[in-house]
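A.B. asks: Please find model-v8.cif (mmCIF, C-alpha atoms) on the next line:
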```cif
data_protein
loop_
_atom_site.label_atom_id
_atom_site.label_comp_id
_atom_site.auth_asym_id
_atom_site.auth_seq_id
_atom_site.Cartn_x
_atom_site.Cartn_y
_atom_site.Cartn_z
CA MET A 1 236.88 52.50 56.54
CA VAL A 2 237.39 55.17 59.09
CA GLN A 3 238.82 52.74 61.61
CA ASP A 4 241.59 51.57 59.24
CA ALA A 5 242.81 55.05 58.53
CA SER A 6 242.62 56.32 62.09
CA PRO A 7 245.15 54.16 63.98
CA ASP A 8 248.34 55.60 62.52
CA PRO A 9 247.90 58.02 59.66
CA ALA A 10 251.56 59.13 59.78
CA GLY A 11 252.86 55.55 59.40
CA HIS A 12 250.52 54.97 56.50
CA THR A 13 251.75 57.90 54.40
CA ASP A 14 255.34 57.01 55.31
CA GLN A 15 254.71 53.53 54.02
CA SER A 16 253.20 54.66 50.73
CA ARG A 17 256.07 57.11 50.21
CA LYS A 18 258.49 54.24 50.61
CA THR A 19 256.53 52.22 48.09
CA ARG A 20 256.60 55.11 45.66
CA LEU A 21 260.35 55.49 46.23
CA ALA A 22 260.90 51.81 45.61
CA ILE A 23 258.91 51.95 42.38
CA ALA A 24 260.79 55.06 41.30
CA ALA A 25 264.13 53.40 42.03
CA VAL A 26 263.19 50.32 40.03
CA LEU A 27 261.99 52.43 37.12
CA THR A 28 265.18 54.52 37.27
CA ALA A 29 267.26 51.35 37.21
CA ILE A 30 265.34 50.01 34.22
CA GLY A 31 265.68 53.37 32.51
CA LEU A 32 269.43 53.46 33.11
CA VAL A 33 269.90 49.94 31.79
CA ALA A 34 267.87 50.80 28.70
CA ALA A 35 269.78 54.04 28.22
CA SER A 36 273.13 52.27 28.55
CA LEU A 37 272.07 49.69 25.96
CA VAL A 38 270.96 52.42 23.57
CA ILE A 39 274.15 54.43 24.12
CA GLY A 40 276.24 51.29 23.69
CA ARG A 41 274.47 50.44 20.44
CA VAL A 42 274.72 53.97 19.10
CA SER A 43 278.28 54.68 20.16
CA SER A 44 280.09 51.44 19.41
CA PRO A 45 280.79 49.23 16.44
CA VAL A 46 279.60 49.89 12.93
CA ASP A 47 280.15 53.53 12.20
CA SER A 48 282.58 54.80 14.80
CA ASP A 49 286.26 55.29 13.97
CA PRO A 50 288.46 52.23 14.63
CA LEU A 51 290.52 52.37 17.82
CA ASP A 52 294.28 52.23 18.12
CA SER A 53 294.35 48.47 18.78
CA SER A 54 291.70 47.58 16.15
CA ALA A 55 292.24 45.16 13.29
CA GLU A 56 291.60 48.06 10.89
CA ALA A 57 294.42 50.14 12.38
CA GLY A 58 296.79 47.15 12.55
CA PHE A 59 296.03 46.26 8.94
CA SER A 60 296.50 49.86 7.79
CA ARG A 61 299.92 50.06 9.43
CA ASP A 62 301.27 46.61 8.56
CA MET A 63 299.90 46.57 5.02
CA GLN A 64 301.62 49.90 4.29
CA VAL A 65 304.95 48.32 5.26
CA HIS A 66 304.10 45.24 3.18
CA HIS A 67 303.03 47.28 0.13
CA GLN A 68 306.05 49.58 0.33
CA GLN A 69 308.35 46.57 0.01
CA ALA A 70 306.43 45.41 -3.08
CA VAL A 71 307.00 48.87 -4.57
CA GLU A 72 310.71 48.62 -3.75
CA MET A 73 311.04 45.16 -5.37
CA ALA A 74 309.16 46.29 -8.48
CA MET A 75 311.38 49.34 -8.86
CA ILE A 76 314.51 47.20 -8.47
CA VAL A 77 313.50 44.69 -11.17
CA ARG A 78 312.64 47.49 -13.60
CA ASP A 79 316.27 48.58 -13.30
CA GLU A 80 317.58 45.05 -13.80
CA THR A 81 315.70 43.82 -16.90
CA ASP A 82 314.60 45.00 -20.34
CA ASP A 83 311.84 42.40 -20.58
CA PRO A 84 308.67 44.38 -21.42
CA GLU A 85 306.28 41.89 -19.76
CA VAL A 86 308.11 41.92 -16.42
CA ARG A 87 308.66 45.68 -16.57
CA LEU A 88 304.96 46.28 -17.27
CA LEU A 89 303.91 43.99 -14.40
CA ALA A 90 306.37 45.76 -12.09
CA TYR A 91 305.03 49.17 -13.18
CA ASP A 92 301.49 47.99 -12.42
CA ILE A 93 302.43 46.63 -8.99
CA ALA A 94 304.47 49.69 -7.97
CA THR A 95 301.87 52.28 -8.92
CA SER A 96 298.82 50.41 -7.59
CA GLN A 97 300.42 49.44 -4.28
CA ALA A 98 301.81 52.94 -3.73
CA GLN A 99 298.31 54.31 -4.25
CA GLN A 100 296.84 51.74 -1.86
CA SER A 101 299.47 52.62 0.77
CA GLY A 102 298.33 56.21 0.49
CA GLN A 103 294.74 55.19 1.18
CA MET A 104 295.74 53.41 4.36
CA PHE A 105 297.91 56.34 5.42
CA GLY A 106 294.92 58.61 4.96
CA TRP A 107 292.58 56.38 6.99
CA LEU A 108 294.88 56.46 10.02
CA ALA A 109 295.07 60.25 9.77
CA GLU A 110 291.28 60.51 9.41
CA TRP A 111 290.75 58.21 12.42
CA GLY A 112 293.09 60.37 14.52
CA LEU A 113 295.55 57.50 14.97
CA SER A 114 299.31 57.44 14.90
CA GLN A 115 301.03 55.86 11.89
CA ALA A 116 303.22 54.07 14.43
CA ALA A 117 301.79 51.05 16.24
CA SER A 118 301.86 50.95 20.02
CA GLU A 119 302.15 47.15 19.88
CA PRO A 120 304.23 44.69 17.83
CA SER A 121 303.37 44.26 14.15
CA MET A 122 300.82 41.55 13.27
CA MET A 123 299.28 41.68 16.77
CA TRP A 124 295.90 42.32 15.13
CA MET A 125 296.17 39.05 13.18
CA SER A 126 297.06 37.04 16.28
CA ARG A 127 293.70 37.97 17.82
CA PRO A 128 290.84 35.64 16.86
CA ALA A 129 288.32 36.90 14.34
CA PRO A 130 284.81 37.40 15.73
CA GLY A 131 282.72 34.26 15.12
CA ALA A 132 285.76 32.09 14.44
CA SER A 133 286.05 29.00 16.62
CA SER A 134 289.27 28.39 18.50
CA HIS A 135 289.93 25.54 16.06
CA ASP A 136 289.69 27.91 13.08
CA HIS A 137 292.03 30.28 14.83
CA ALA A 138 294.58 27.60 15.60
CA ALA A 139 294.47 26.25 12.06
CA GLY A 140 294.28 29.62 10.31
CA SER A 141 296.19 32.78 11.00
CA SER A 142 298.22 31.77 14.02
CA HIS A 143 300.58 34.68 13.93
CA GLU A 144 303.17 35.45 16.51
CA PRO A 145 303.06 39.16 17.32
CA GLY A 146 306.27 40.86 16.22
CA SER A 147 307.25 38.06 13.83
CA PRO A 148 307.80 39.00 10.18
CA MET A 149 304.73 39.66 8.09
CA PRO A 150 303.79 36.80 5.75
CA GLY A 151 305.60 36.96 2.43
CA LEU A 152 307.94 39.78 3.36
CA ALA A 153 311.35 39.41 1.67
CA THR A 154 314.50 39.66 3.75
CA ARG A 155 317.07 42.38 3.24
CA GLU A 156 319.45 39.72 1.84
CA GLN A 157 316.87 38.64 -0.75
CA LEU A 158 316.40 42.26 -1.86
CA GLN A 159 320.17 42.63 -2.06
CA ARG A 160 320.38 39.50 -4.24
CA LEU A 161 317.61 40.83 -6.51
CA SER A 162 319.52 44.05 -7.14
CA GLU A 163 322.74 42.12 -7.82
CA ASN A 164 321.14 39.95 -10.51
CA GLU A 165 320.04 41.08 -13.94
CA GLY A 166 318.13 39.82 -16.98
CA PRO A 167 316.31 36.47 -16.70
CA ASP A 168 317.96 35.71 -13.32
CA ALA A 169 316.55 38.90 -11.84
CA GLU A 170 313.16 38.22 -13.47
CA ARG A 171 312.93 34.72 -12.00
CA LEU A 172 313.97 35.87 -8.53
CA PHE A 173 311.55 38.77 -8.72
CA LEU A 174 308.67 36.48 -9.71
CA GLN A 175 309.47 34.02 -6.91
CA LEU A 176 309.72 36.74 -4.28
CA MET A 177 306.61 38.55 -5.52
CA ILE A 178 304.49 35.38 -5.65
CA ALA A 179 305.33 34.74 -1.97
CA HIS A 180 304.80 38.44 -1.20
CA HIS A 181 301.37 38.43 -2.84
CA GLU A 182 300.37 35.22 -1.04
CA GLY A 183 301.19 36.94 2.26
CA GLY A 184 299.32 40.04 1.18
CA VAL A 185 296.21 38.01 0.33
CA GLU A 186 296.43 36.32 3.74
CA MET A 187 296.56 39.69 5.51
CA ALA A 188 293.71 41.11 3.43
CA GLU A 189 291.54 38.06 4.13
CA ALA A 190 292.33 38.39 7.84
CA VAL A 191 291.02 41.96 7.99
CA ILE A 192 287.91 41.06 5.97
CA GLU A 193 287.11 38.49 8.70
CA ARG A 194 287.64 41.07 11.42
CA SER A 195 286.16 44.30 10.05
CA SER A 196 282.82 45.74 9.02
CA LYS A 197 284.36 49.08 8.04
CA ARG A 198 283.36 49.58 4.42
CA VAL A 199 286.46 51.39 3.10
CA VAL A 200 288.68 48.77 4.70
CA VAL A 201 286.71 45.76 3.49
CA ASP A 202 286.43 47.25 -0.02
CA LEU A 203 290.19 47.79 -0.35
CA ALA A 204 291.01 44.41 1.22
CA THR A 205 288.61 42.70 -1.18
CA SER A 206 290.20 44.32 -4.20
CA ILE A 207 293.65 43.38 -2.87
CA VAL A 208 292.55 39.72 -2.59
CA GLN A 209 291.15 39.75 -6.13
CA ALA A 210 293.99 41.66 -7.83
CA GLN A 211 296.83 39.85 -6.09
CA SER A 212 295.25 36.39 -6.53
CA SER A 213 294.99 36.91 -10.28
CA GLU A 214 298.52 38.36 -10.38
CA ILE A 215 299.79 35.22 -8.59
CA GLU A 216 298.36 33.12 -11.45
CA LEU A 217 299.95 35.44 -14.00
CA MET A 218 303.33 35.34 -12.27
CA GLU A 219 303.26 31.54 -11.96
CA ARG A 220 302.75 31.33 -15.73
CA MET A 221 305.53 33.89 -16.34
CA LEU A 222 307.86 31.99 -13.99
CA ALA A 223 307.12 28.67 -15.76
CA GLU A 224 307.94 30.32 -19.13
CA ARG A 225 311.30 31.46 -17.76
CA SER A 226 312.35 28.23 -16.03
CA MET B 1 225.42 36.65 86.56
CA PRO B 2 227.45 37.05 83.53
CA ASP B 3 226.50 35.15 80.44
CA PRO B 4 229.35 32.68 79.78
CA SER B 5 228.67 32.87 76.03
CA LYS B 6 229.31 36.62 76.09
CA PRO B 7 232.89 37.83 76.68
CA THR B 8 233.50 39.91 79.75
CA VAL B 9 234.48 43.53 79.39
CA GLN B 10 238.03 42.51 80.23
CA GLN B 11 238.00 39.78 77.61
CA GLN B 12 236.64 42.25 75.10
CA ARG B 13 239.44 44.67 75.94
CA GLU B 14 242.06 41.95 75.60
CA ALA B 15 240.62 40.87 72.28
CA ARG B 16 240.72 44.44 71.01
CA ARG B 17 244.26 44.86 72.24
CA ALA B 18 245.34 41.62 70.54
CA GLU B 19 243.64 42.81 67.38
CA LYS B 20 245.45 46.12 67.65
CA VAL B 21 248.81 44.42 68.31
CA ALA B 22 248.29 42.10 65.36
CA GLY B 23 247.43 45.10 63.21
CA LEU B 24 250.57 46.93 64.32
CA GLN B 25 252.70 43.86 63.71
CA LYS B 26 251.25 43.51 60.25
CA GLN B 27 251.93 47.15 59.61
CA LEU B 28 255.50 46.75 60.84
CA ALA B 29 255.99 43.71 58.63
CA THR B 30 254.72 45.69 55.62
CA GLN B 31 257.08 48.52 56.46
CA ARG B 32 259.97 46.09 56.77
CA ARG B 33 259.10 44.51 53.45
CA ASN B 34 258.87 47.92 51.79
CA ARG B 35 262.21 48.86 53.27
CA ARG B 36 263.72 45.70 51.86
CA ILE B 37 262.20 46.44 48.44
CA GLY B 38 263.51 50.00 48.67
CA ILE B 39 267.01 48.85 49.58
CA GLY B 40 266.94 46.19 46.87
CA ALA B 41 265.84 48.72 44.29
CA ALA B 42 268.52 51.14 45.44
CA ILE B 43 271.14 48.40 45.06
CA VAL B 44 269.84 47.58 41.57
CA ALA B 45 269.91 51.26 40.65
CA GLY B 46 273.40 51.63 42.11
CA VAL B 47 274.72 48.64 40.18
CA ALA B 48 273.10 49.97 37.01
CA VAL B 49 274.74 53.39 37.47
CA LEU B 50 278.08 51.73 38.20
CA SER B 51 277.93 49.43 35.18
CA LEU B 52 276.89 52.36 33.02
CA ALA B 53 279.93 54.31 34.19
CA VAL B 54 282.25 51.32 33.73
CA GLY B 55 280.71 50.66 30.31
CA PHE B 56 281.38 54.22 29.27
CA ILE B 57 284.99 54.02 30.42
CA VAL B 58 285.63 50.66 28.72
CA VAL B 59 283.79 51.39 25.46
CA GLY B 60 284.62 55.05 25.19
CA SER B 61 288.21 54.95 26.35
CA THR B 62 290.84 56.00 23.85
CA PRO B 63 294.09 55.04 25.55
CA LYS B 64 296.11 56.54 22.71
CA PRO B 65 295.66 60.27 22.17
CA ASN B 66 295.46 61.78 18.71
CA PRO B 67 299.08 62.20 17.57
CA ASP B 68 298.42 65.94 17.24
CA ASP B 69 297.69 66.07 20.98
CA ILE B 70 300.85 64.30 22.18
CA ASP B 71 302.91 66.69 24.30
CA ILE B 72 306.63 66.05 24.50
CA ALA B 73 308.71 67.87 27.12
CA GLY B 74 311.74 69.63 25.66
CA LEU B 75 310.47 69.44 22.07
CA THR B 76 312.04 71.90 19.64
CA GLU B 77 310.09 72.75 16.50
CA PHE B 78 311.40 74.40 13.34
CA PRO B 79 308.42 75.74 11.40
CA GLY B 80 308.48 76.97 7.81
CA LEU B 81 311.62 75.14 6.63
CA THR B 82 312.73 75.42 3.02
CA SER B 83 313.20 72.15 1.10
CA VAL B 84 315.29 72.98 -1.95
CA HIS B 85 317.50 70.37 -3.62
CA VAL B 86 321.03 71.73 -3.33
CA GLY B 87 324.57 70.46 -3.74
CA PRO B 88 327.19 69.40 -4.25
CA GLU B 89 328.25 71.91 -1.58
CA PRO B 90 327.24 70.78 1.90
CA VAL B 91 324.62 72.67 3.91
CA ASP B 92 325.59 74.35 7.20
CA TYR B 93 322.44 73.46 9.12
CA GLU B 94 323.65 75.10 12.33
CA ALA B 95 324.26 78.45 10.61
CA ALA B 96 321.24 78.32 8.30
CA TYR B 97 318.61 76.84 10.64
CA ASP B 98 320.21 76.83 14.11
CA MET B 99 319.93 73.05 14.36
CA ASN B 100 322.41 70.37 15.39
CA PRO B 101 321.82 67.65 14.30
CA PRO B 102 319.73 68.70 11.27
CA ALA B 103 315.94 68.32 11.41
CA GLY B 104 314.91 69.44 7.94
CA GLY B 105 315.78 72.13 5.42
CA ASP B 106 317.50 72.17 2.05
CA HIS B 107 319.10 68.86 1.05
CA TYR B 108 320.72 66.79 -1.68
CA ALA B 109 318.64 65.25 -4.47
CA THR B 110 319.34 61.71 -3.25
CA TRP B 111 317.73 60.54 -0.05
CA LEU B 112 319.45 58.27 2.44
CA ASN B 113 318.03 54.76 2.59
CA CYS B 114 316.44 54.02 5.94
CA GLY B 115 318.23 51.48 8.10
CA VAL B 116 320.79 50.97 10.83
CA TYR B 117 324.24 52.49 10.25
CA GLU B 118 327.46 52.05 12.22
CA GLN B 119 329.06 55.14 10.73
CA PRO B 120 328.02 58.80 10.61
CA GLN B 121 325.84 59.66 7.58
CA PRO B 122 325.83 62.72 5.30
CA ASN B 123 323.41 65.26 6.75
CA GLU B 124 322.14 66.39 3.36
CA ASN B 125 321.01 62.85 2.38
CA ALA B 126 319.56 62.11 5.81
CA VAL B 127 317.49 65.32 5.73
CA HIS B 128 315.98 64.15 2.43
CA ALA B 129 314.84 60.96 4.22
CA LEU B 130 313.21 63.16 6.89
CA GLU B 131 311.33 64.94 4.09
CA HIS B 132 309.85 61.53 3.17
CA GLY B 133 308.53 60.98 6.70
CA ALA B 134 311.45 59.13 8.33
CA VAL B 135 312.71 59.75 11.85
CA TRP B 136 316.45 60.00 12.44
CA VAL B 137 317.80 58.64 15.70
CA THR B 138 321.33 59.91 16.27
CA TYR B 139 323.53 58.96 19.22
CA ASP B 140 326.80 60.18 20.64
CA PRO B 141 329.15 57.20 20.14
CA GLU B 142 331.19 58.44 23.14
CA ALA B 143 328.16 58.40 25.44
CA LEU B 144 326.64 54.96 24.73
CA ASP B 145 327.99 51.45 25.24
CA ASP B 146 327.32 48.55 22.85
CA ALA B 147 324.34 47.25 24.84
CA GLU B 148 322.71 50.68 24.74
CA ILE B 149 323.27 50.97 20.99
CA ALA B 150 321.74 47.49 20.55
CA SER B 151 318.68 48.54 22.54
CA LEU B 152 318.26 51.56 20.24
CA ARG B 153 318.21 49.18 17.25
CA ASP B 154 315.32 47.32 18.85
CA ALA B 155 313.47 50.52 19.69
CA VAL B 156 313.36 52.15 16.24
CA PRO B 157 310.67 51.18 13.70
CA SER B 158 311.71 48.62 11.06
CA THR B 159 311.02 51.04 8.21
CA TYR B 160 311.19 54.81 7.83
CA SER B 161 313.89 55.27 10.44
CA VAL B 162 317.60 55.97 10.27
CA LEU B 163 319.86 55.09 13.19
CA SER B 164 323.41 56.41 13.07
CA PRO B 165 326.22 57.68 15.30
CA PHE B 166 326.72 61.45 15.35
CA PRO B 167 329.96 62.60 16.98
CA GLY B 168 329.66 65.79 19.02
CA LEU B 169 325.94 65.42 19.64
CA PRO B 170 324.59 67.83 22.31
CA ALA B 171 322.90 64.92 24.15
CA PRO B 172 323.45 61.13 24.40
CA VAL B 173 320.59 60.54 21.94
CA VAL B 174 318.71 63.00 19.72
CA ILE B 175 315.62 62.02 17.71
CA SER B 176 314.65 64.20 14.76
CA ALA B 177 311.85 64.37 12.21
CA TRP B 178 311.14 67.04 9.61
CA GLY B 179 310.80 70.26 11.63
CA ALA B 180 310.92 68.66 15.08
CA GLN B 181 313.55 67.37 17.44
CA VAL B 182 314.03 66.33 21.05
CA GLN B 183 317.23 65.72 22.99
CA LEU B 184 316.98 62.50 25.00
CA GLU B 185 318.75 61.67 28.24
CA GLY B 186 319.51 58.11 27.16
CA VAL B 187 318.22 55.05 25.36
CA ASP B 188 315.43 54.47 27.90
CA ASP B 189 313.99 57.98 27.67
CA PRO B 190 310.22 57.44 27.22
CA ARG B 191 309.98 60.56 25.06
CA MET B 192 311.48 58.56 22.17
CA GLN B 193 308.32 56.45 21.74
CA SER B 194 306.11 59.53 22.17
CA PHE B 195 308.11 61.25 19.44
CA ILE B 196 307.75 58.22 17.14
CA SER B 197 303.98 58.09 17.78
CA LYS B 198 303.70 61.77 16.92
CA TYR B 199 306.10 62.17 14.00
CA TRP B 200 306.97 58.81 12.37
CA LYS B 201 305.63 58.96 8.77
CA SER B 202 303.47 61.86 9.89
CA ALA B 203 301.80 64.41 7.66
CA SER B 204 304.00 67.13 9.20
CA ALA B 205 306.74 65.97 6.80
CA PRO B 206 306.40 67.45 3.30
CA GLU B 207 306.24 64.06 1.48
CA PRO B 208 305.21 61.30 3.90
CA GLY B 209 305.23 57.87 2.26
CA ALA B 210 307.71 58.86 -0.44
CA PRO B 211 310.38 56.15 -0.52
CA CYS B 212 313.03 55.55 2.10
CA THR B 213 314.58 52.87 -0.11
CA GLY B 214 316.11 53.03 -3.57
CA GLY B 215 318.28 56.04 -2.67
CA LEU B 216 321.73 56.15 -1.12
CA ASP B 217 323.01 53.25 0.95
CA GLY B 218 325.44 55.12 3.18
CA ALA B 219 328.68 53.69 4.51
CA GLY B 220 328.47 51.19 7.37
CA ARG B 221 324.90 50.05 6.86
CA ILE B 222 324.26 46.88 8.87
CA ALA B 223 320.46 46.49 8.73
#
```
Take the structure from the file and write it as structure tokens.
C.D. replies:
Amino acid sequence: MVQDASPDPAGHTDQSRKTRLAIAAVLTAIGLVAASLVIGRVSSPVDSDPLDSSAEAGFSRDMQVHHQQAVEMAMIVRDETDDPEVRLLAYDIATSQAQQSGQMFGWLAEWGLSQAASEPSMMWMSRPAPGASSHDHAAGSSHEPGSPMPGLATREQLQRLSENEGPDAERLFLQLMIAHHEGGVEMAEAVIERSSKRVVVDLATSIVQAQSSEIELMERMLAERS
Amino acid sequence: MPDPSKPTVQQQREARRAEKVAGLQKQLATQRRNRRIGIGAAIVAGVAVLSLAVGFIVVGSTPKPNPDDIDIAGLTEFPGLTSVHVGPEPVDYEAAYDMNPPAGGDHYATWLNCGVYEQPQPNENAVHALEHGAVWVTYDPEALDDAEIASLRDAVPSTYSVLSPFPGLPAPVVISAWGAQVQLEGVDDPRMQSFISKYWKSASAPEPGAPCTGGLDGAGRIA
């Protein structure tokens, strides 16, 4: 109607411009939210490299330390006994765990992370696994950051191992290595709960399998020598 | 005589004016509503932009730089070192490589076991530990008190590090890895942790991950 348009044409266009602006602003906001969701989905979890404080990085650092001590113990017992069964087991443990340490070393390099942690050891295991209830966390891996890794032998125990020989050294080695493997399995299971990184989960899974079966073997060997 | 059922001219004018006023008020109300919608939308957009920016910072932040990109003030590097097993004659690292204490070069066949030592250690064995990726923290026993030495023990990594006194050191504390060294002002010098982040077990050593156990336990080892 002519009369509707005539009173204030300027105010009318002003009004519709404001409406258009409002619609544009809302659409922009929706677009930004959508874009941020897409970017978040694309850029985070699954395929990106683990960060410095990730469970993957913590596992790679702490498990290298853990594995390197297993290598050390295996090399010591090979010097202290002629028993072919124990020497063969020690050879197996030393070579496989040295190789696995190298894998973890390589991951950290590939992810652009320092071999040195910027936080106390085992911090990654003290954080709850995604999906775990607080009860699970309290009952399961309640690790104090900076406390010794599970199953790690003390310097005195290593000293004692190198001072013994023959069946005494074999028994001590088996006892220490059973505890060491149990700790290793615990750490590997902890990273499986916390990671979806394929190389990490694959290695951790094979550690759980190999060390669990070696624990059974060592318990039999220890019983035979007691 | 005017017809009472018909409005007077004045009444008609007033009615038109009222209509006009009502129209203007309605228009004003619409404008106000649109302004409110506009402001609301702008706030929504602003919050979205802000959360996007915060999200980027939180998700994308890498607080720790790539070890290759860590800059350390006063760092001395020794590129292209030889790594021949020599002995039993000692190596003069100052004459051969212009380094004191040693940070790589030719060395004895036996490596020094990593750990904490209360006595000075043979350079040629310690350098072999550096070849395996260890860092060597040396301190001037004249410059540090017992509490400072104890704090160094807490600061070095539990494996792949050697801590030992080194009489005549050019600084209170010197930290060395294969081919790299920095002189520290004291036990609290923050460059020590930067150096460890960059060089501890790093691929810049010729044989990182080779053992730092099973070699020589030097004199005065306490941990």
A.B. asks: Could you check how far CA of Val182 (chain B) sits from CA of Pro141 (chain B), in Å to one decimal?
C.D. replies: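 For CA of Val182 (chain B) relative to CA of Pro141 (chain B), the distance reads 17.7 Å.
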A.B. asks: Rank A:Met104, A:Leu222, A:Met187, A:Val26 by their smallest atom-to-atom distance to Thr205 (chain A), using only C-alpha atoms, and report the top residue only.
C.D. replies: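 Residue with the minimum atom-to-atom distance to Thr205 (chain A): A:Met187.
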A.B. asks: Just say which residues the PyMOL selection byres ((chain A) within 6 of (chain B)) picks in this file, as a list in words.
C.D. replies: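 When the PyMOL selection byres ((chain A) within 6 of (chain B)) is applied to the shown file, the picked residues are Ala22, Ala25, Val26, Ala29, Ser36, Gly112, Leu113, Ser114 and Ala116 of chain A.
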A.B. asks: Could you work out how far CA of Thr76 (chain B) lies from CA of Asp98 (chain B), giving the answer in Å with one decimal?
C.D. replies: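 Straight-line distance from CA of Asp98 (chain B) to CA of Thr76 (chain B) works out to 11.0 Å.
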A.B. asks: Taking 6 positions as the minimum chain separation for residues in the same chain, which residues sit within 7 Å of Gly115 (chain B) when counting only C-alpha atoms? Answer as a list in words.
C.D. replies: Ser161, Val162, Leu163, Arg221 and Ala223 of chain B
A.B. asks: Could the residues in this selection be saved with C-alpha atoms as a PDB file, in the coordinates of the input?
C.D. replies:
```pdb
ATOM      1  CA  SER B 161     313.890  55.270  10.440  1.00  0.00           C
ATOM      2  CA  VAL B 162     317.600  55.970  10.270  1.00  0.00           C
ATOM      3  CA  LEU B 163     319.860  55.090  13.190  1.00  0.00           C
ATOM      4  CA  ARG B 221     324.900  50.050   6.860  1.00  0.00           C
ATOM      5  CA  ALA B 223     320.460  46.490   8.730  1.00  0.00           C
TER       6      ALA B 223
END
```
A.B. asks: Any idea what the distance is between CA of Ala94 (chain A) and CA of Glu80 (chain A)?
C.D. replies: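 Taking CA of Ala94 (chain A) as the start and CA of Glu80 (chain A) as the end point, the length is 15.1 Å.
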A.B. asks: What would the selection look like, as a list of chain:residue names, if the PyMOL selection byres ((chain B and resi 174) around 7) were run on the coordinates I just shared?
C.D. replies: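 Evaluating the PyMOL selection byres ((chain B and resi 174) around 7) on this file yields B:Val137, B:Thr138, B:Tyr139, B:Ala171, B:Pro172, B:Val173, B:Ile175, B:Ser176, B:Val182, B:Gln183, B:Leu184.
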A.B. asks: So that I can check the surroundings of Ala219 (chain B), please list as a list in words every protein, DNA and RNA residue that reaches within 9 Å of it, counting only C-alpha atoms and ignoring chain neighbours fewer than 3 positions away.
C.D. replies: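 The contact residues come out as Tyr117, Glu118, Gln119, Pro120 and Gln121 of chain B.
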A.B. asks: Applying 12 Å and all atoms listed in the file, which residues near Asp188 (chain B) remain after dropping the ones on its own chain fewer than 4 positions away? List them as a list in words.
C.D. replies: Leu144, Ala147, Glu148, Ile149, Ala150, Ser151, Leu152, Asp154, Ala155, Pro172, Val173, Leu184, Met192 and Gln193 of chain B
A.B. asks: Counting only C-alpha atoms, which residue out of B:Val54, B:Ala95, B:Ala73, B:Ala126 sits closest to Cys114 (chain B)?
C.D. replies: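 Ranked by minimum distance to Cys114 (chain B), first place goes to B:Ala126.
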A.B. asks: Around (300.8, 42.9, 2.1), as given in the file, which residues come within 7 Å? Count only C-alpha atoms and list them as a ChimeraX atom specification.
C.D. replies: /A:63,66-67,180-181,183-185,187
A.B. asks: So which residues touch Arg225 (chain A) within 10 Å, counting all atoms listed in the file, skipping near sequence neighbours fewer than 5 positions away, as a list in words?
C.D. replies: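 Selected residues are Pro167, Asp168, Glu170, Arg171, Leu174, Glu219 and Arg220 of chain A.
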A.B. asks: Expanded to explicit residues, what is the PyMOL selection byres ((chain A and resi 154-157) around 12) for this file, as number ranges by chain?
C.D. replies: A: 66, 69, 72-73, 76, 148-153, 158-164, 169, 172-173, 175-177, 179-180; B: 114-115, 158-159, 213, 221-223
A.B. asks: Between A:Ala70, A:Ala223, A:Ile39, A:Val201, which is the closest to Gln97 (chain A) once you count all atoms listed in the file?
C.D. replies: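 Closest residue, counting all atoms listed in the file: A:Ala70.
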